[in-house]
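**Q** Submitted below is the structure of interest, expressed as structure tokens.
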Amino acid sequence: MRTSYDTIGVNYSDLRKPEARIEAVISNALGPAETVLNVGAGTGSYEPAGRSVTAVEPSAEMIRQRGPSAAPVIQGYAESLPFDDNSFDASTAILTVHHWTDKEQGLKEMRRVTRGPVIVLTYDPSFRAFWLLDYFPELAALDETQMPKITDYAEWLGPVAVSPVPIPHDCSDGFLSAYWRRPAAYLDPRIRAAMSSFWAVGDVSEALTRLEQDLASGAWEQRHVELLNLEACDCGYRLVVTESL
């Protein structure tokens, strides 16, 4: 099995360290669940301690980077989970659904094998209030293509509660919006390499030059001065949690 992360995930575990404040949000949503399925598990970020976790991940490269304390992992796909109905107390999919080939089928599979809450951390593709999109509008176009609409989750999973997940200014997990208050980070090719969106949109050298110039001139800071003292910011990330029927 090869996926895009067999290529782009080579230094993933170094750059995508789990953020404790996001972990706390996910842990709270898990409630008393003792057995948890983590789908699209990657290198093991956000797998809760003190619970029995089973991971499913398609990429051999990501599995290779899982540490010795990570949960047992099965190489497989969300769309065809190798478990009986109602096998787990809860299941999670953390910043992964947009990579699935059949998102509806994958989420319905999670619902099938889970007797309690299905928890998804995702991005709202209708969100536009992030300055990075001013420089890279192709990222917004990509989100429109690959991200499920927030309304899709209720269609595929049943009733859900949706809540924003503010991103701390010093977020340790280097996903796309993690550096909203550290704009110079986006100029670093090593940091961009851990963001699948930049791999997908291709050559962004012109936009990077414009961002670099705006940072050097002070134009970026002048336009976004209101961000400089914020501890956390809504960058469009949403926690979707199924509700009891």
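Just so we're on the same page: first chain in the structure tokens is A, next is B, and so on; residues restart at 1 for each chain, and ligands are numbered from 1 in the order they show up.
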Write out as number ranges by chain which residues come within 7 Å of Arg66 (chain A) when counting only C-alpha atoms, dropping same-chain ones fewer than 3 positions away.
**A** A: 43-44, 62-63, 70
**Q** Give me the residues of region 77-138 of chain A that have any atom at most 12 Å from an atom of region 204-217 of chain A; for each, the nearest atom pair and the distance in Å, rounded to one decimal. Use only C-alpha atoms, sort by chain and number, and format it as a Markdown table.
**A**
| residue | atom | partner | partner_atom | distance |
| --- | --- | --- | --- | --- |
| A:Trp131 | CA | A:Leu211 | CA | 10.7 |
| A:Leu132 | CA | A:Leu211 | CA | 9.2 |
| A:Leu133 | CA | A:Ala207 | CA | 10.3 |
| A:Asp134 | CA | A:Ala207 | CA | 9.3 |
| A:Tyr135 | CA | A:Ala207 | CA | 5.6 |
| A:Phe136 | CA | A:Ala207 | CA | 6.5 |
| A:Pro137 | CA | A:Ala207 | CA | 9.6 |
| A:Glu138 | CA | A:Val204 | CA | 9.3 |
**Q** Using the selection just defined, write its residues with N, CA and C atoms as a PDB file, in the first residue's frame.
**A**
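The result, written out as result_15.pdb:
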ATOM      1  N   TRP A 131      -5.489  34.949   6.952  1.00  0.00           N
ATOM      2  CA  TRP A 131      -4.671  35.795   6.076  1.00  0.00           C
ATOM      3  C   TRP A 131      -3.858  34.999   5.057  1.00  0.00           C
ATOM      4  N   LEU A 132      -3.497  33.752   5.380  1.00  0.00           N
ATOM      5  CA  LEU A 132      -2.679  32.972   4.459  1.00  0.00           C
ATOM      6  C   LEU A 132      -3.355  32.819   3.097  1.00  0.00           C
ATOM      7  N   LEU A 133      -4.687  32.795   3.099  1.00  0.00           N
ATOM      8  CA  LEU A 133      -5.422  32.624   1.848  1.00  0.00           C
ATOM      9  C   LEU A 133      -5.308  33.846   0.947  1.00  0.00           C
ATOM     10  N   ASP A 134      -4.962  35.006   1.519  1.00  0.00           N
ATOM     11  CA  ASP A 134      -4.733  36.190   0.689  1.00  0.00           C
ATOM     12  C   ASP A 134      -3.503  36.010  -0.187  1.00  0.00           C
ATOM     13  N   TYR A 135      -2.523  35.289   0.321  1.00  0.00           N
ATOM     14  CA  TYR A 135      -1.307  35.034  -0.439  1.00  0.00           C
ATOM     15  C   TYR A 135      -1.428  33.780  -1.303  1.00  0.00           C
ATOM     16  N   PHE A 136      -2.153  32.809  -0.807  1.00  0.00           N
ATOM     17  CA  PHE A 136      -2.260  31.524  -1.500  1.00  0.00           C
ATOM     18  C   PHE A 136      -3.741  31.176  -1.715  1.00  0.00           C
ATOM     19  N   PRO A 137      -4.428  31.886  -2.603  1.00  0.00           N
ATOM     20  CA  PRO A 137      -5.860  31.589  -2.819  1.00  0.00           C
ATOM     21  C   PRO A 137      -6.100  30.177  -3.326  1.00  0.00           C
ATOM     22  N   GLU A 138      -5.078  29.567  -3.903  1.00  0.00           N
ATOM     23  CA  GLU A 138      -5.229  28.197  -4.378  1.00  0.00           C
ATOM     24  C   GLU A 138      -5.461  27.226  -3.232  1.00  0.00           C
TER      25      GLU A 138
END
**Q** Tell me which protein, DNA and RNA residues are within 9 Å of Asp89 (chain A), counting only C-alpha atoms, leaving out same-chain ones fewer than 5 positions away, and put them as an MDAnalysis selection string.
**A** chainID A and resid 30 32:37 113:117
**Q** If we count only C-alpha atoms, what is near Trp156 (chain A) at a cut-off of 7 Å, once residues fewer than 6 positions away on the same chain are taken out, given as a PyMOL selection string?
**A** chain A and resi 104+107-108
**Q** Between CA of Asp188 (chain A) and CA of Ile22 (chain A), what distance in Å does the model show, to one decimal?
**A** 24.1 Å
**Q** Could you pull out the strand (DSSP E) residues of region 3-157 of chain A, going by DSSP on the backbone, and write them as a list in words?
**A**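 The strand (DSSP E) residues within region 3-157 of chain A come out as Thr35, Val36, Leu37, Asn38, Val39, Ser52, Val53, Thr54, Ala55, Val56, Glu57, Val73, Ile74, Gln75, Ala90, Ser91, Thr92, Ala93, Ile94, Val118, Ile119, Val120, Leu121, Thr122 and Tyr123 of chain A.
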**Q** For N, CA and C atoms, I'd like the residues from the last selection saved as a PDB file, in the first residue's frame.
**A**
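And here is the file that came out, again33.pdb:
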ATOM      1  N   THR A  35     -12.293   1.923  24.885  1.00  0.00           N
ATOM      2  CA  THR A  35     -11.700   1.394  23.651  1.00  0.00           C
ATOM      3  C   THR A  35     -11.928   2.408  22.539  1.00  0.00           C
ATOM      4  N   VAL A  36     -10.853   2.771  21.865  1.00  0.00           N
ATOM      5  CA  VAL A  36     -10.902   3.846  20.869  1.00  0.00           C
ATOM      6  C   VAL A  36     -10.231   3.377  19.585  1.00  0.00           C
ATOM      7  N   LEU A  37     -10.886   3.612  18.470  1.00  0.00           N
ATOM      8  CA  LEU A  37     -10.310   3.375  17.149  1.00  0.00           C
ATOM      9  C   LEU A  37      -9.846   4.710  16.579  1.00  0.00           C
ATOM     10  N   ASN A  38      -8.591   4.781  16.157  1.00  0.00           N
ATOM     11  CA  ASN A  38      -8.042   5.989  15.547  1.00  0.00           C
ATOM     12  C   ASN A  38      -7.816   5.725  14.067  1.00  0.00           C
ATOM     13  N   VAL A  39      -8.593   6.375  13.207  1.00  0.00           N
ATOM     14  CA  VAL A  39      -8.578   6.107  11.772  1.00  0.00           C
ATOM     15  C   VAL A  39      -7.761   7.189  11.060  1.00  0.00           C
ATOM     16  N   SER A  52      -7.543   2.023  25.689  1.00  0.00           N
ATOM     17  CA  SER A  52      -7.115   0.978  24.762  1.00  0.00           C
ATOM     18  C   SER A  52      -7.378   1.456  23.342  1.00  0.00           C
ATOM     19  N   VAL A  53      -6.304   1.778  22.611  1.00  0.00           N
ATOM     20  CA  VAL A  53      -6.422   2.381  21.281  1.00  0.00           C
ATOM     21  C   VAL A  53      -5.963   1.398  20.217  1.00  0.00           C
ATOM     22  N   THR A  54      -6.723   1.323  19.142  1.00  0.00           N
ATOM     23  CA  THR A  54      -6.339   0.587  17.947  1.00  0.00           C
ATOM     24  C   THR A  54      -6.241   1.595  16.805  1.00  0.00           C
ATOM     25  N   ALA A  55      -5.153   1.552  16.057  1.00  0.00           N
ATOM     26  CA  ALA A  55      -4.929   2.523  14.992  1.00  0.00           C
ATOM     27  C   ALA A  55      -5.046   1.856  13.623  1.00  0.00           C
ATOM     28  N   VAL A  56      -5.559   2.627  12.659  1.00  0.00           N
ATOM     29  CA  VAL A  56      -5.609   2.198  11.261  1.00  0.00           C
ATOM     30  C   VAL A  56      -4.933   3.286  10.428  1.00  0.00           C
ATOM     31  N   GLU A  57      -3.979   2.913   9.601  1.00  0.00           N
ATOM     32  CA  GLU A  57      -3.207   3.875   8.805  1.00  0.00           C
ATOM     33  C   GLU A  57      -2.766   3.213   7.492  1.00  0.00           C
ATOM     34  N   VAL A  73      -1.078  -0.846  15.419  1.00  0.00           N
ATOM     35  CA  VAL A  73      -1.593  -0.285  14.169  1.00  0.00           C
ATOM     36  C   VAL A  73      -1.824  -1.383  13.142  1.00  0.00           C
ATOM     37  N   ILE A  74      -2.897  -1.198  12.394  1.00  0.00           N
ATOM     38  CA  ILE A  74      -3.229  -2.062  11.260  1.00  0.00           C
ATOM     39  C   ILE A  74      -3.094  -1.213  10.001  1.00  0.00           C
ATOM     40  N   GLN A  75      -2.413  -1.718   8.992  1.00  0.00           N
ATOM     41  CA  GLN A  75      -2.322  -0.983   7.736  1.00  0.00           C
ATOM     42  C   GLN A  75      -3.608  -1.231   6.952  1.00  0.00           C
ATOM     43  N   ALA A  90     -15.547   4.381  21.096  1.00  0.00           N
ATOM     44  CA  ALA A  90     -15.460   5.659  20.388  1.00  0.00           C
ATOM     45  C   ALA A  90     -14.467   5.516  19.249  1.00  0.00           C
ATOM     46  N   SER A  91     -14.519   6.436  18.296  1.00  0.00           N
ATOM     47  CA  SER A  91     -13.534   6.457  17.220  1.00  0.00           C
ATOM     48  C   SER A  91     -13.175   7.899  16.893  1.00  0.00           C
ATOM     49  N   THR A  92     -11.952   8.068  16.393  1.00  0.00           N
ATOM     50  CA  THR A  92     -11.462   9.403  16.063  1.00  0.00           C
ATOM     51  C   THR A  92     -10.872   9.417  14.658  1.00  0.00           C
ATOM     52  N   ALA A  93     -10.958  10.581  14.026  1.00  0.00           N
ATOM     53  CA  ALA A  93     -10.294  10.841  12.741  1.00  0.00           C
ATOM     54  C   ALA A  93      -9.783  12.274  12.831  1.00  0.00           C
ATOM     55  N   ILE A  94      -8.490  12.438  12.993  1.00  0.00           N
ATOM     56  CA  ILE A  94      -7.902  13.737  13.313  1.00  0.00           C
ATOM     57  C   ILE A  94      -7.153  14.288  12.097  1.00  0.00           C
ATOM     58  N   VAL A 118     -18.403   9.227  17.464  1.00  0.00           N
ATOM     59  CA  VAL A 118     -17.428   9.362  16.388  1.00  0.00           C
ATOM     60  C   VAL A 118     -16.952  10.814  16.420  1.00  0.00           C
ATOM     61  N   ILE A 119     -15.643  11.008  16.507  1.00  0.00           N
ATOM     62  CA  ILE A 119     -15.064  12.337  16.726  1.00  0.00           C
ATOM     63  C   ILE A 119     -14.137  12.655  15.554  1.00  0.00           C
ATOM     64  N   VAL A 120     -14.395  13.779  14.900  1.00  0.00           N
ATOM     65  CA  VAL A 120     -13.615  14.172  13.729  1.00  0.00           C
ATOM     66  C   VAL A 120     -13.095  15.591  13.932  1.00  0.00           C
ATOM     67  N   LEU A 121     -11.786  15.760  13.804  1.00  0.00           N
ATOM     68  CA  LEU A 121     -11.205  17.104  13.748  1.00  0.00           C
ATOM     69  C   LEU A 121     -10.954  17.407  12.279  1.00  0.00           C
ATOM     70  N   THR A 122     -11.567  18.494  11.803  1.00  0.00           N
ATOM     71  CA  THR A 122     -11.515  18.790  10.384  1.00  0.00           C
ATOM     72  C   THR A 122     -11.454  20.296  10.183  1.00  0.00           C
ATOM     73  N   TYR A 123     -11.581  20.710   8.942  1.00  0.00           N
ATOM     74  CA  TYR A 123     -11.530  22.125   8.574  1.00  0.00           C
ATOM     75  C   TYR A 123     -12.794  22.472   7.812  1.00  0.00           C
TER      76      TYR A 123
END
**Q** Return the single residue from A:Ala29, A:Leu142, A:Ala20, A:Ala193 that is closest to Ala161 (chain A), with distances computed using only C-alpha atoms.
**A**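 Answer, going by the shortest atom-to-atom distance: A:Ala29.
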